[in-house]
file query-v3.tsv (TSV, C-alpha atoms)
chain	number	residue	atom	x	y	z
A	27	MET	CA	-68.11	19.23	110.90
A	28	SER	CA	-65.34	17.76	113.02
A	29	ALA	CA	-65.92	14.92	115.46
A	30	LEU	CA	-65.28	17.22	118.43
A	31	ALA	CA	-67.77	19.82	117.21
A	32	LEU	CA	-70.35	17.10	116.60
A	33	SER	CA	-69.89	15.73	120.12
A	34	VAL	CA	-70.35	19.22	121.58
A	35	LEU	CA	-73.50	19.79	119.53
A	36	LEU	CA	-74.95	16.42	120.56
A	37	SER	CA	-74.13	17.14	124.21
A	38	LEU	CA	-75.95	20.48	124.07
A	39	VAL	CA	-79.04	18.91	122.49
A	40	SER	CA	-78.87	16.13	125.06
A	41	ALA	CA	-78.83	18.68	127.89
A	42	VAL	CA	-81.87	20.43	126.41
A	43	ALA	CA	-83.71	17.09	126.16
A	44	TYR	CA	-82.88	16.25	129.77
A	45	ALA	CA	-84.00	19.72	130.91
A	46	SER	CA	-87.30	19.43	129.01
A	47	GLY	CA	-87.94	16.01	130.49
A	48	ALA	CA	-87.24	17.33	134.00
A	49	ILE	CA	-89.66	20.23	133.52
A	50	LEU	CA	-92.39	17.83	132.44
A	51	GLN	CA	-91.64	15.51	135.36
A	52	GLU	CA	-91.97	18.37	137.84
A	53	HIS	CA	-95.24	19.45	136.21
A	54	VAL	CA	-96.61	15.90	136.42
A	55	ALA	CA	-95.51	15.64	140.07
A	56	THR	CA	-97.56	18.75	140.84
A	57	ASP	CA	-100.64	17.43	139.04
A	58	THR	CA	-100.52	13.89	140.47
A	59	PRO	CA	-99.29	14.08	144.10
A	60	ALA	CA	-101.01	10.79	144.93
A	61	ARG	CA	-98.76	8.89	142.48
A	62	PRO	CA	-95.24	10.15	143.11
A	63	TYR	CA	-93.29	7.38	141.36
A	64	ALA	CA	-95.03	6.22	138.19
A	65	PRO	CA	-98.08	8.21	137.06
A	66	LEU	CA	-98.65	5.87	134.13
A	67	HIS	CA	-102.01	7.39	133.23
A	68	HIS	CA	-100.50	10.84	132.66
A	69	GLY	CA	-99.53	11.47	129.04
A	70	LEU	CA	-96.96	14.12	129.91
A	71	TRP	CA	-95.07	11.60	132.02
A	72	TRP	CA	-94.55	9.38	129.00
A	73	ALA	CA	-93.39	12.42	127.07
A	74	ALA	CA	-90.87	13.05	129.85
A	75	VAL	CA	-89.71	9.43	129.64
A	76	ALA	CA	-89.21	9.81	125.89
A	77	LEU	CA	-87.23	13.04	126.35
A	78	ASN	CA	-85.01	11.43	128.98
A	79	GLY	CA	-84.43	8.48	126.67
A	80	LEU	CA	-83.53	10.84	123.83
A	81	GLY	CA	-81.10	12.70	126.08
A	82	ALA	CA	-79.44	9.45	127.13
A	83	ALA	CA	-79.10	8.26	123.54
A	84	LEU	CA	-77.58	11.55	122.42
A	85	HIS	CA	-75.19	11.48	125.37
A	86	VAL	CA	-73.95	8.01	124.42
A	87	VAL	CA	-73.43	9.06	120.80
A	88	ALA	CA	-71.61	12.20	121.95
A	89	LEU	CA	-69.25	10.05	124.02
A	90	ALA	CA	-68.57	7.98	120.92
A	91	TYR	CA	-67.40	11.05	118.99
A	92	GLY	CA	-65.78	13.14	121.70
A	93	PRO	CA	-63.61	12.73	124.79
A	94	LEU	CA	-65.15	12.13	128.19
A	95	SER	CA	-63.49	15.25	129.63
A	96	VAL	CA	-65.45	17.41	127.16
A	97	VAL	CA	-68.80	15.62	126.97
A	98	GLN	CA	-69.38	15.01	130.68
A	99	PRO	CA	-68.99	18.64	131.86
A	100	LEU	CA	-71.51	19.73	129.23
A	101	GLY	CA	-74.11	17.59	130.98
A	102	ALA	CA	-74.03	20.12	133.81
A	103	LEU	CA	-75.77	22.55	131.48
A	104	THR	CA	-79.01	20.64	132.08
A	105	ILE	CA	-79.78	22.63	135.21
A	106	VAL	CA	-78.67	25.88	133.55
A	107	PHE	CA	-81.04	25.26	130.64
A	108	ALA	CA	-83.91	24.02	132.81
A	109	LEU	CA	-84.41	27.15	134.93
A	110	PRO	CA	-84.98	29.66	132.09
A	111	MET	CA	-86.94	27.09	130.09
A	112	ALA	CA	-89.26	26.50	133.06
A	113	ALA	CA	-89.75	30.24	133.50
A	114	LEU	CA	-90.39	30.73	129.79
A	115	PHE	CA	-92.70	27.81	129.00
A	116	VAL	CA	-94.51	26.92	132.23
A	117	GLY	CA	-94.13	30.12	134.26
A	118	ARG	CA	-92.17	28.54	137.14
A	119	ARG	CA	-89.64	31.16	138.15
A	120	ALA	CA	-86.73	30.33	140.41
A	121	GLY	CA	-85.51	32.74	143.08
A	122	ARG	CA	-82.07	34.30	143.23
A	123	THR	CA	-80.86	31.76	145.76
A	124	ALA	CA	-81.88	28.91	143.47
A	125	TRP	CA	-80.06	30.52	140.55
A	126	ARG	CA	-76.90	30.99	142.60
A	127	GLY	CA	-77.08	27.43	143.84
A	128	ALA	CA	-77.64	26.02	140.35
A	129	LEU	CA	-74.76	28.00	138.88
A	130	LEU	CA	-72.40	27.04	141.72
A	131	ALA	CA	-73.34	23.36	141.35
A	132	SER	CA	-72.79	23.50	137.59
A	133	VAL	CA	-69.46	25.31	137.84
A	134	GLY	CA	-68.21	22.93	140.53
A	135	LEU	CA	-69.28	19.90	138.52
A	136	ALA	CA	-67.73	21.21	135.32
A	137	GLY	CA	-64.44	21.89	137.10
A	138	LEU	CA	-64.44	18.45	138.70
A	139	LEU	CA	-65.08	16.58	135.47
A	140	ALA	CA	-62.74	18.75	133.41
A	141	LEU	CA	-59.90	17.74	135.72
A	142	THR	CA	-60.68	14.04	135.44
A	143	GLU	CA	-58.55	12.21	132.91
A	144	GLY	CA	-60.35	9.18	131.57
A	145	THR	CA	-59.36	5.98	129.88
A	146	ASP	CA	-61.57	3.96	127.58
A	147	THR	CA	-59.67	0.68	127.54
A	148	HIS	CA	-60.39	-0.72	131.01
A	149	SER	CA	-63.30	-2.96	131.95
A	150	LEU	CA	-64.54	-4.63	135.12
A	151	ASP	CA	-64.34	-8.35	135.80
A	152	GLY	CA	-67.22	-10.39	137.12
A	153	GLY	CA	-66.31	-10.01	140.79
A	154	GLU	CA	-65.95	-6.24	140.54
A	155	ARG	CA	-69.30	-5.93	138.78
A	156	LEU	CA	-71.01	-8.02	141.44
A	157	VAL	CA	-69.55	-5.96	144.29
A	158	LEU	CA	-70.37	-2.70	142.52
A	159	ALA	CA	-73.96	-3.77	141.81
A	160	ALA	CA	-74.49	-4.89	145.41
A	161	ALA	CA	-73.02	-1.66	146.81
A	162	THR	CA	-75.16	0.41	144.43
A	163	PHE	CA	-78.44	-1.31	145.28
A	164	GLY	CA	-77.59	-1.07	148.96
A	165	THR	CA	-76.83	2.65	148.74
A	166	VAL	CA	-79.92	3.44	146.70
A	167	GLY	CA	-82.10	1.41	149.06
A	168	LEU	CA	-80.63	3.09	152.14
A	169	LEU	CA	-81.18	6.58	150.73
A	170	PHE	CA	-84.74	5.62	149.83
A	171	LEU	CA	-85.49	4.33	153.32
A	172	VAL	CA	-84.00	7.41	154.98
A	173	ALA	CA	-86.07	9.61	152.68
A	174	GLN	CA	-89.25	7.89	153.88
A	175	LEU	CA	-88.36	8.70	157.49
A	176	VAL	CA	-87.63	12.38	156.91
A	177	GLY	CA	-90.43	14.75	157.77
A	178	ARG	CA	-89.37	17.74	155.67
A	179	PRO	CA	-90.44	17.44	152.02
A	180	ALA	CA	-87.44	19.40	150.70
A	181	VAL	CA	-84.90	17.14	152.44
A	182	ARG	CA	-86.83	14.04	151.41
A	183	SER	CA	-86.77	15.19	147.80
A	184	MET	CA	-83.02	15.78	147.90
A	185	LEU	CA	-82.43	12.29	149.28
A	186	LEU	CA	-84.60	10.75	146.57
A	187	ALA	CA	-82.77	12.81	143.94
A	188	ALA	CA	-79.42	11.68	145.36
A	189	SER	CA	-80.51	8.05	145.13
A	190	ALA	CA	-81.59	8.64	141.53
A	191	GLY	CA	-78.22	10.23	140.78
A	192	VAL	CA	-76.41	7.20	142.22
A	193	ALA	CA	-78.55	4.86	140.10
A	194	PHE	CA	-77.92	6.87	136.92
A	195	GLY	CA	-74.20	7.19	137.62
A	196	ILE	CA	-73.60	3.48	138.17
A	197	ALA	CA	-75.79	2.67	135.16
A	198	SER	CA	-73.36	4.79	133.12
A	199	VAL	CA	-70.44	2.82	134.58
A	200	PHE	CA	-72.02	-0.48	133.55
A	201	THR	CA	-72.85	0.98	130.14
A	202	LYS	CA	-69.22	1.91	129.63
A	203	THR	CA	-68.12	-1.56	130.74
A	204	VAL	CA	-70.47	-3.27	128.30
A	205	ALA	CA	-69.34	-0.94	125.51
A	206	VAL	CA	-65.69	-1.81	126.19
A	207	ASP	CA	-66.53	-5.52	126.15
A	208	TRP	CA	-68.37	-5.25	122.85
A	209	THR	CA	-65.52	-3.35	121.18
A	210	SER	CA	-62.84	-5.74	122.41
A	211	ASP	CA	-61.27	-8.53	120.39
A	212	ARG	CA	-63.67	-11.05	121.92
A	213	PRO	CA	-67.05	-9.37	122.24
A	214	THR	CA	-69.45	-11.15	124.54
A	215	VAL	CA	-73.07	-10.64	125.48
A	216	GLN	CA	-73.24	-9.37	129.06
A	217	LEU	CA	-76.81	-10.22	130.04
A	218	PRO	CA	-76.33	-9.66	133.81
A	219	SER	CA	-74.76	-6.25	133.16
A	220	LEU	CA	-77.57	-5.33	130.78
A	221	ALA	CA	-80.11	-6.35	133.42
A	222	VAL	CA	-78.36	-4.16	136.00
A	223	ILE	CA	-78.39	-1.24	133.56
A	224	ALA	CA	-82.12	-1.67	132.92
A	225	VAL	CA	-83.00	-1.90	136.62
A	226	LEU	CA	-80.85	1.10	137.60
A	227	ALA	CA	-82.13	3.24	134.72
A	228	ALA	CA	-85.77	2.46	135.50
A	229	GLY	CA	-85.23	2.92	139.23
A	230	GLY	CA	-83.45	6.22	138.68
A	231	LEU	CA	-86.33	7.47	136.54
A	232	LEU	CA	-88.94	6.57	139.17
A	233	LEU	CA	-86.90	8.04	142.03
A	234	SER	CA	-86.26	11.26	140.14
A	235	GLN	CA	-89.98	11.56	139.41
A	236	ALA	CA	-90.78	11.22	143.12
A	237	SER	CA	-88.12	13.79	144.03
A	238	TYR	CA	-90.03	16.57	142.26
A	239	ARG	CA	-93.11	16.22	144.48
A	240	GLY	CA	-93.32	19.32	146.64
A	241	ALA	CA	-89.70	20.34	146.00
A	242	GLY	CA	-89.84	22.38	142.82
A	243	LEU	CA	-87.51	21.92	139.88
A	244	ALA	CA	-84.11	23.38	140.71
A	245	GLY	CA	-83.13	21.42	143.82
A	246	PRO	CA	-83.85	17.83	142.70
A	247	LEU	CA	-82.57	18.42	139.16
A	248	ALA	CA	-79.31	19.95	140.39
A	249	THR	CA	-78.84	17.07	142.83
A	250	VAL	CA	-79.28	14.45	140.11
A	251	THR	CA	-77.08	16.45	137.72
A	252	VAL	CA	-74.25	16.63	140.24
A	253	VAL	CA	-74.48	13.24	141.95
A	254	ASN	CA	-74.73	11.29	138.70
A	255	PRO	CA	-71.34	12.19	137.15
A	256	VAL	CA	-69.60	12.54	140.53
A	257	VAL	CA	-70.45	8.93	141.38
A	258	ALA	CA	-69.37	7.80	137.92
A	259	ALA	CA	-66.12	9.75	138.26
A	260	ALA	CA	-65.48	8.22	141.72
A	261	VAL	CA	-65.87	4.73	140.28
A	262	GLY	CA	-63.64	5.68	137.36
A	263	LEU	CA	-60.92	6.89	139.74
A	264	THR	CA	-61.06	3.76	141.90
A	265	LEU	CA	-61.83	0.97	139.43
A	266	PHE	CA	-61.03	2.23	135.92
A	267	GLY	CA	-57.61	3.65	136.71
A	268	GLU	CA	-58.62	7.23	135.93
A	269	GLU	CA	-56.84	10.11	137.63
A	270	PHE	CA	-56.89	13.87	137.92
A	271	ARG	CA	-54.85	16.01	135.61
A	272	TYR	CA	-51.88	18.09	136.79
A	273	GLY	CA	-51.01	15.80	139.69
A	274	ALA	CA	-51.35	17.20	143.20
A	275	LEU	CA	-52.51	20.59	141.91
A	276	GLY	CA	-55.25	18.97	139.86
A	277	THR	CA	-56.36	16.91	142.86
A	278	ALA	CA	-56.58	20.04	145.02
A	279	LEU	CA	-58.55	21.87	142.33
A	280	ALA	CA	-60.87	18.89	141.96
A	281	LEU	CA	-61.56	18.86	145.69
A	282	ALA	CA	-62.24	22.60	145.59
A	283	SER	CA	-64.66	22.04	142.70
A	284	GLY	CA	-66.43	19.39	144.73
A	285	VAL	CA	-66.81	21.84	147.61
A	286	VAL	CA	-68.26	24.46	145.24
A	287	ALA	CA	-70.75	21.93	143.85
A	288	ALA	CA	-71.77	20.87	147.37
A	289	GLY	CA	-72.24	24.53	148.32
A	290	GLY	CA	-74.56	24.97	145.38
A	291	LEU	CA	-76.66	22.03	146.48
A	292	ILE	CA	-76.82	23.43	150.02
A	293	LEU	CA	-78.07	26.75	148.63
A	294	LEU	CA	-80.74	24.99	146.63
A	295	THR	CA	-81.85	22.98	149.67
A	296	THR	CA	-81.89	26.08	151.86
A	297	GLU	CA	-83.93	27.99	149.30
A	298	ARG	CA	-86.52	25.25	149.15
A	299	LEU	CA	-86.71	24.91	152.93
A	300	ALA	CA	-87.27	28.66	153.22
A	301	ALA	CA	-90.02	28.51	150.59
A	302	SER	CA	-91.70	25.61	152.39
A	303	ARG	CA	-91.48	27.42	155.73
A	304	ALA	CA	-93.02	30.57	154.22
A	305	ALA	CA	-95.81	28.53	152.70
A	306	ARG	CA	-96.57	26.89	156.05
A	307	GLN	CA	-96.59	30.23	157.82
A	308	GLY	CA	-98.87	31.69	155.17
A	309	GLY	CA	-101.22	28.74	155.54
A	310	ALA	CA	-101.25	29.11	159.31
A	311	GLY	CA	-102.02	32.82	159.04
A	312	SER	CA	-104.89	32.21	156.71
A	313	SER	CA	-106.45	29.75	159.15
A	314	ALA	CA	-107.26	32.47	161.77
A	315	PRO	CA	-110.88	32.53	162.85
A	316	ALA	CA	-113.00	34.68	160.66
A	317	VAL	CA	-114.59	37.76	162.16
A	318	ARG	CA	-118.29	37.27	162.27
A	319	PRO	CA	-120.43	40.08	160.89
A	320	PRO	CA	-122.67	41.90	163.35
A	321	ARG	CA	-125.71	39.82	164.03
A	322	GLU	CA	-128.88	41.29	162.73
A	323	PRO	CA	-131.53	41.71	165.35
A	324	ASP	CA	-134.23	39.13	165.33
A	325	ARG	CA	-137.41	40.63	164.02
A	326	ALA	CA	-139.50	38.41	166.26
A	327	SER	CA	-137.55	39.63	169.29
A	328	GLU	CA	-138.13	43.22	168.25
A	329	ALA	CA	-141.81	42.54	167.99
A	330	ASP	CA	-141.87	40.94	171.44
A	331	ALA	CA	-139.99	43.86	172.93
A	332	ALA	CA	-142.45	46.25	171.40
A	333	ARG	CA	-145.33	44.50	173.14
A	334	ALA	CA	-146.54	45.67	176.49
A	335	GLN	CA	-145.03	43.73	179.38
A	336	VAL	CA	-146.81	42.77	182.58
A	337	GLY	CA	-146.81	45.72	184.94
A	338	GLU	CA	-146.65	48.26	182.19
A	339	ARG	CA	-149.55	50.78	182.10
A	340	VAL	CA	-151.71	50.58	179.05
A	341	ASP	CA	-153.55	53.73	178.36
A	342	VAL	CA	-156.49	53.05	176.20
A	343	GLY	CA	-157.70	56.56	176.57
A	344	ALA	CA	-161.22	57.66	176.85
A	345	VAL	CA	-163.44	55.49	174.92
A	346	ALA	CA	-166.65	56.96	173.89
A	347	GLY	CA	-169.38	54.51	173.47
A	348	PRO	CA	-171.70	52.18	175.24
A	349	ARG	CA	-171.04	50.41	178.55
A	350	THR	CA	-169.61	47.35	176.88
A	351	HIS	CA	-166.73	49.46	175.64
A	352	LEU	CA	-166.09	50.76	179.15
A	353	GLU	CA	-165.99	47.22	180.53
A	354	MET	CA	-163.40	46.28	177.90
A	355	GLU	CA	-161.26	49.24	178.98
A	356	MET	CA	-161.34	48.20	182.64
A	357	ARG	CA	-160.47	44.63	181.80
A	358	SER	CA	-157.48	45.80	179.75
A	359	ARG	CA	-156.20	47.86	182.69
A	360	ALA	CA	-156.65	44.92	185.06
A	361	VAL	CA	-154.68	42.62	182.82
A	362	ALA	CA	-151.92	45.24	182.49
A	363	GLY	CA	-151.79	45.71	186.28
A	364	GLY	CA	-152.93	49.27	186.09
A	365	SER	CA	-155.19	51.00	188.62
call {"tool": "encode", "arguments": {"input": "query-v3.tsv", "output": "structure tokens"}}
result
Amino acid sequence: MSALALSVLLSLVSAVAYASGAILQEHVATDTPARPYAPLHHGLWWAAVALNGLGAALHVVALAYGPLSVVQPLGALTIVFALPMAALFVGRRAGRTAWRGALLASVGLAGLLALTEGTDTHSLDGGERLVLAAATFGTVGLLFLVAQLVGRPAVRSMLLAASAGVAFGIASVFTKTVAVDWTSDRPTVQLPSLAVIAVLAAGGLLLSQASYRGAGLAGPLATVTVVNPVVAAAVGLTLFGEEFRYGALGTALALASGVVAAGGLILLTTERLAASRAARQGGAGSSAPAVRPPREPDRASEADAARAQVGERVDVGAVAGPRTHLEMEMRSRAVAGGS
């Protein structure tokens, strides 16, 4: 097997691992809404963490065997794999709008990354790493704070997923920088960079877990899948000296791919907002006051109504018998008001 074929195979398995981990994360988010970030007591969450770690490891190995322009676009298959896998294994079916949005986001991302021409020989100096780390933590923190102020769950989930994508993307940038340093003539141990990688990777995992609460699978996963490599590609273009292929034409095509990917994310957000609105309307309709069944007549009231009221003639009829019986008849008529 050639190195290129091996990198493609590893990338496909990595995408499947990422998709499986995302499905488990969404399932855990549904089961434990009170713990949106780190449901440590849930065994499936740890399985999702292991699957995400496996996907990351396979992605790094794939980059070692194949070019960035081939491996990175294959990561977009995560969302394509996740939707049918979720429908097949956990019965969570996505609507047509979600499918269209996921496919548009994947196609746009693949086109954007396929047009990016990378270089593996450039690294970042200490000042650039410090500025990049500060900008990343600031951006992630800002997105997190805005997400807490948003009232709509679908929009909040997209913001959390975007912050997770930024964290994952910059973690990849630092990973590439450390890898270049280690393979240089004077390899050094980059403890600050490794610490940044660990913090961003853990933060991205927790933010992505929270993004699945009340938002389904397709929207948050597509957002992370798109934002992650787009951020990494933006840093590569500005700091690593990467550029788009085919000059001005490639730049125009890359911008068009970015628009397509953004349109896919908008479709996914719209689909989730519509689903949330329908759920709220259904809940409001079900809260209408229940129609009370006809009240059964009170038996005691029926008995009282059946009794003779004051002023009503009581006919005791002719009573044959001694005088005492006749006196009882007269007394009954007097009590009833009869004459």
call {"tool": "atom_distance", "arguments": {"input": "query-v3.tsv", "atom1": "CA of Phe194 (chain A)", "atom2": "CA of Tyr238 (chain A)"}}
result
16.4 Å
call {"tool": "residues_around", "arguments": {"input": "query-v3.tsv", "residues": "Ala124 (chain A)", "least_positions_apart": "2", "cutoff": "10 Å", "atoms": "all atoms listed in the file", "output": "PyMOL selection string"}}
result
chain A and resi 109+119-122+126-130+243-245+248+290-298
call {"tool": "residues_around", "arguments": {"input": "query-v3.tsv", "residues": "Ala259 (chain A)", "least_positions_apart": "2", "cutoff": "9 Å", "atoms": "all atoms listed in the file", "output": "number ranges by chain"}}
result
A: 138-139, 142, 144, 195, 199, 254-257, 261-264, 268
call {"tool": "residues_around", "arguments": {"input": "query-v3.tsv", "residues": "Val75 (chain A)", "least_positions_apart": "5", "cutoff": "12 Å", "atoms": "only C-alpha atoms", "output": "number ranges by chain"}}
result
A: 43-51, 54, 64-66, 68-70, 80-82, 227-228, 230-232, 234-235
call {"tool": "closest_residue", "arguments": {"input": "query-v3.tsv", "among": "A:Thr201, A:Ser189, A:Thr58, A:Ser283", "to": "Leu169 (chain A)", "atoms": "all atoms listed in the file"}}
result
A:Ser189
call {"tool": "atom_distance", "arguments": {"input": "query-v3.tsv", "atom1": "CA of Phe163 (chain A)", "atom2": "CA of Ile196 (chain A)"}}
result
9.8 Å
call {"tool": "residues_around", "arguments": {"input": "query-v3.tsv", "residues": "region 27-37 of chain A", "least_positions_apart": "2", "cutoff": "10 Å", "atoms": "only C-alpha atoms", "output": "ChimeraX atom specification"}}
result
/A:39-43,81-93,96-101,103-104
call {"tool": "closest_residue", "arguments": {"input": "query-v3.tsv", "among": "A:Trp125, A:Leu233, A:Leu217, A:Leu141", "to": "Val166 (chain A)", "atoms": "all atoms listed in the file"}}
result
A:Leu233
call {"tool": "closest_residue", "arguments": {"input": "query-v3.tsv", "among": "A:Ala140, A:Ala113, A:Ala161, A:Ala102", "to": "Val253 (chain A)", "atoms": "all atoms listed in the file"}}
result
A:Ala102
call {"tool": "atom_distance", "arguments": {"input": "query-v3.tsv", "atom1": "CA of Leu135 (chain A)", "atom2": "CA of Asn78 (chain A)"}}
result
20.3 Å
call {"tool": "closest_residue", "arguments": {"input": "query-v3.tsv", "among": "A:Leu158, A:Val222, A:Leu175, A:Ala131", "to": "Ala288 (chain A)", "atoms": "all atoms listed in the file"}}
result
A:Ala131
call {"tool": "closest_residue", "arguments": {"input": "query-v3.tsv", "among": "A:Arg239, A:Arg61, A:His67, A:His53", "to": "Ser183 (chain A)", "atoms": "only C-alpha atoms"}}
result
A:Arg239
call {"tool": "residues_around", "arguments": {"input": "query-v3.tsv", "residues": "Gln216 (chain A)", "least_positions_apart": "4", "cutoff": "10 Å", "atoms": "all atoms listed in the file", "output": "PyMOL selection string"}}
result
chain A and resi 203-205+207-208+220-221
call {"tool": "closest_residue", "arguments": {"input": "query-v3.tsv", "among": "A:Leu265, A:Gly191, A:Val116, A:Ala274", "to": "Val157 (chain A)", "atoms": "all atoms listed in the file"}}
result
A:Leu265
call {"tool": "build_atoms", "arguments": {"input": "query-v3.tsv", "residues": "region 187-207 of chain A", "atoms": "N, CA, C and O atoms", "output": "PDB file, in the frame of the given file"}}
result
ATOM      1  N   ALA A 187     -83.550  12.398 145.113  1.00  0.00           N
ATOM      2  CA  ALA A 187     -82.770  12.810 143.940  1.00  0.00           C
ATOM      3  C   ALA A 187     -81.347  12.265 144.011  1.00  0.00           C
ATOM      4  O   ALA A 187     -80.779  11.866 142.987  1.00  0.00           O
ATOM      5  N   ALA A 188     -80.763  12.241 145.210  1.00  0.00           N
ATOM      6  CA  ALA A 188     -79.420  11.680 145.360  1.00  0.00           C
ATOM      7  C   ALA A 188     -79.406  10.190 145.019  1.00  0.00           C
ATOM      8  O   ALA A 188     -78.482   9.698 144.350  1.00  0.00           O
ATOM      9  N   SER A 189     -80.436   9.468 145.467  1.00  0.00           N
ATOM     10  CA  SER A 189     -80.510   8.050 145.130  1.00  0.00           C
ATOM     11  C   SER A 189     -80.680   7.843 143.630  1.00  0.00           C
ATOM     12  O   SER A 189     -80.098   6.917 143.044  1.00  0.00           O
ATOM     13  N   ALA A 190     -81.455   8.716 142.989  1.00  0.00           N
ATOM     14  CA  ALA A 190     -81.590   8.640 141.530  1.00  0.00           C
ATOM     15  C   ALA A 190     -80.267   8.928 140.844  1.00  0.00           C
ATOM     16  O   ALA A 190     -79.903   8.265 139.857  1.00  0.00           O
ATOM     17  N   GLY A 191     -79.515   9.920 141.360  1.00  0.00           N
ATOM     18  CA  GLY A 191     -78.220  10.230 140.780  1.00  0.00           C
ATOM     19  C   GLY A 191     -77.240   9.070 140.902  1.00  0.00           C
ATOM     20  O   GLY A 191     -76.464   8.780 139.969  1.00  0.00           O
ATOM     21  N   VAL A 192     -77.270   8.371 142.050  1.00  0.00           N
ATOM     22  CA  VAL A 192     -76.410   7.200 142.220  1.00  0.00           C
ATOM     23  C   VAL A 192     -76.788   6.113 141.208  1.00  0.00           C
ATOM     24  O   VAL A 192     -75.912   5.500 140.575  1.00  0.00           O
ATOM     25  N   ALA A 193     -78.100   5.885 141.050  1.00  0.00           N
ATOM     26  CA  ALA A 193     -78.550   4.860 140.100  1.00  0.00           C
ATOM     27  C   ALA A 193     -78.129   5.206 138.676  1.00  0.00           C
ATOM     28  O   ALA A 193     -77.605   4.348 137.942  1.00  0.00           O
ATOM     29  N   PHE A 194     -78.309   6.453 138.275  1.00  0.00           N
ATOM     30  CA  PHE A 194     -77.920   6.870 136.920  1.00  0.00           C
ATOM     31  C   PHE A 194     -76.409   6.786 136.732  1.00  0.00           C
ATOM     32  O   PHE A 194     -75.922   6.369 135.670  1.00  0.00           O
ATOM     33  N   GLY A 195     -75.656   7.203 137.741  1.00  0.00           N
ATOM     34  CA  GLY A 195     -74.200   7.190 137.620  1.00  0.00           C
ATOM     35  C   GLY A 195     -73.640   5.794 137.450  1.00  0.00           C
ATOM     36  O   GLY A 195     -72.796   5.543 136.581  1.00  0.00           O
ATOM     37  N   ILE A 196     -74.103   4.852 138.270  1.00  0.00           N
ATOM     38  CA  ILE A 196     -73.600   3.480 138.170  1.00  0.00           C
ATOM     39  C   ILE A 196     -74.119   2.813 136.895  1.00  0.00           C
ATOM     40  O   ILE A 196     -73.439   1.957 136.304  1.00  0.00           O
ATOM     41  N   ALA A 197     -75.310   3.185 136.451  1.00  0.00           N
ATOM     42  CA  ALA A 197     -75.790   2.670 135.160  1.00  0.00           C
ATOM     43  C   ALA A 197     -74.854   3.104 134.036  1.00  0.00           C
ATOM     44  O   ALA A 197     -74.582   2.324 133.107  1.00  0.00           O
ATOM     45  N   SER A 198     -74.333   4.339 134.119  1.00  0.00           N
ATOM     46  CA  SER A 198     -73.360   4.790 133.120  1.00  0.00           C
ATOM     47  C   SER A 198     -72.067   3.981 133.197  1.00  0.00           C
ATOM     48  O   SER A 198     -71.454   3.665 132.166  1.00  0.00           O
ATOM     49  N   VAL A 199     -71.654   3.635 134.419  1.00  0.00           N
ATOM     50  CA  VAL A 199     -70.440   2.820 134.580  1.00  0.00           C
ATOM     51  C   VAL A 199     -70.623   1.455 133.919  1.00  0.00           C
ATOM     52  O   VAL A 199     -69.751   0.976 133.183  1.00  0.00           O
ATOM     53  N   PHE A 200     -71.758   0.818 134.171  1.00  0.00           N
ATOM     54  CA  PHE A 200     -72.020  -0.480 133.550  1.00  0.00           C
ATOM     55  C   PHE A 200     -72.160  -0.350 132.035  1.00  0.00           C
ATOM     56  O   PHE A 200     -71.762  -1.254 131.288  1.00  0.00           O
ATOM     57  N   THR A 201     -72.738   0.754 131.580  1.00  0.00           N
ATOM     58  CA  THR A 201     -72.850   0.980 130.140  1.00  0.00           C
ATOM     59  C   THR A 201     -71.476   1.074 129.497  1.00  0.00           C
ATOM     60  O   THR A 201     -71.216   0.488 128.425  1.00  0.00           O
ATOM     61  N   LYS A 202     -70.577   1.792 130.144  1.00  0.00           N
ATOM     62  CA  LYS A 202     -69.220   1.910 129.630  1.00  0.00           C
ATOM     63  C   LYS A 202     -68.522   0.553 129.623  1.00  0.00           C
ATOM     64  O   LYS A 202     -67.814   0.194 128.670  1.00  0.00           O
ATOM     65  N   THR A 203     -68.735  -0.234 130.658  1.00  0.00           N
ATOM     66  CA  THR A 203     -68.120  -1.560 130.740  1.00  0.00           C
ATOM     67  C   THR A 203     -68.610  -2.467 129.621  1.00  0.00           C
ATOM     68  O   THR A 203     -67.815  -3.160 128.962  1.00  0.00           O
ATOM     69  N   VAL A 204     -69.922  -2.448 129.382  1.00  0.00           N
ATOM     70  CA  VAL A 204     -70.470  -3.270 128.300  1.00  0.00           C
ATOM     71  C   VAL A 204     -69.954  -2.795 126.960  1.00  0.00           C
ATOM     72  O   VAL A 204     -69.638  -3.616 126.073  1.00  0.00           O
ATOM     73  N   ALA A 205     -69.856  -1.468 126.778  1.00  0.00           N
ATOM     74  CA  ALA A 205     -69.340  -0.940 125.510  1.00  0.00           C
ATOM     75  C   ALA A 205     -67.901  -1.371 125.283  1.00  0.00           C
ATOM     76  O   ALA A 205     -67.512  -1.725 124.154  1.00  0.00           O
ATOM     77  N   VAL A 206     -67.079  -1.359 126.327  1.00  0.00           N
ATOM     78  CA  VAL A 206     -65.690  -1.810 126.190  1.00  0.00           C
ATOM     79  C   VAL A 206     -65.633  -3.283 125.849  1.00  0.00           C
ATOM     80  O   VAL A 206     -64.831  -3.726 125.013  1.00  0.00           O
ATOM     81  N   ASP A 207     -66.507  -4.087 126.455  1.00  0.00           N
ATOM     82  CA  ASP A 207     -66.530  -5.520 126.150  1.00  0.00           C
ATOM     83  C   ASP A 207     -66.923  -5.776 124.708  1.00  0.00           C
ATOM     84  O   ASP A 207     -66.365  -6.652 124.038  1.00  0.00           O
TER      85      ASP A 207
END
